[in-house]
Amino acid sequence: MIYAIVHIKGGVSKTTNAVHLATESAKRGPTLLIDGDPQASAASWAAWRREAGHHPSPTTTVLRGKAIFDEGKVLSKGFLNTIIDAGGRDSAGLRSALLLADLAIVPVGASSFDAATMTDLQEIIEMAKDFNTNLKVKILMSRIDPRTRNTETAEMISFLKEEGLEILEAVVCERVGFRRAIKEGATVEELGKDKSAIAEMRALYEEVL
Ligand SMILES: Nc1ncnc2c1ncn2[C@@H]1O[C@H](COP(=O)(O)OP(=O)(O)OP(=O)(O)O)[C@@H](O)[C@H]1O
Ligand SMILES: [Mg+2]
């Protein structure tokens, strides 16, 4: 299965969720992590991970633009799952990822800025669906303030549902454990400290992998 973690907005936690999903998938079978972002954050995480000696690791490769589709299509055949971390703007790379994916996961926060960018992203997704009829899209409520989780997400979820979008049950909150884990080339489970973060990621794995 090919997953693309996408948004046209930066900093929404695409890379954080992509590396967590890829690492969990790597425990279950051969997994390819495609870093499709010119900032190459997933590739940096993979290098820190090698240095820190954590395992198992997804096979990580950096691809750009149209190569995400062309190369990704061939490379992904040898793997149980492929996870693509696409860059945080509308680009050839993002569009390639959407053409290749079976499931696009879109991390969305709960603010009105997050709501505003959804319309533009939806247009891109609709276009991709004309060519990739397999494509499913699910919204992941991510970086949610745990204190206002229920009220804020409820508003956003009803907005997204009105837009005809499907929303994952798993919700990932803003938790310091995620930042710490990424810096160490690890996952929140591997650091073992942030129980809430660990539970949130487990719920996500069970729902999508
Ligand atoms: N659930 C979370 N809780 C706390 N911090 C988080 C969470 N998810 C991501 N972050 C932090 O937010 C910042 C942005 O996250 P990340 O790099 O995963 O987003 P991105 O969408 O890949 O960004 P970019 O568009 O720059 O590629 C990072 O500093 C990361 O550590
Ligand atoms: Mg990123």
# chains A, B, ... in the order shown; residues from 1 in each chain; ligands from 1
>>> residues_near_ligand(ligand="ligand 1", cutoff="8 Å", atoms="only C-alpha atoms and all ligand atoms", output="ChimeraX atom specification")
/A:6-18,37,39,41,85-89,107,142-144,172-180,182-183,197
>>> select_by_dssp(residues="region 20-197 of chain A", states="strand (DSSP E)", output="MDAnalysis selection string")
chainID A and resid 31:36 59:62 81:86 103:108 136:144 166:173
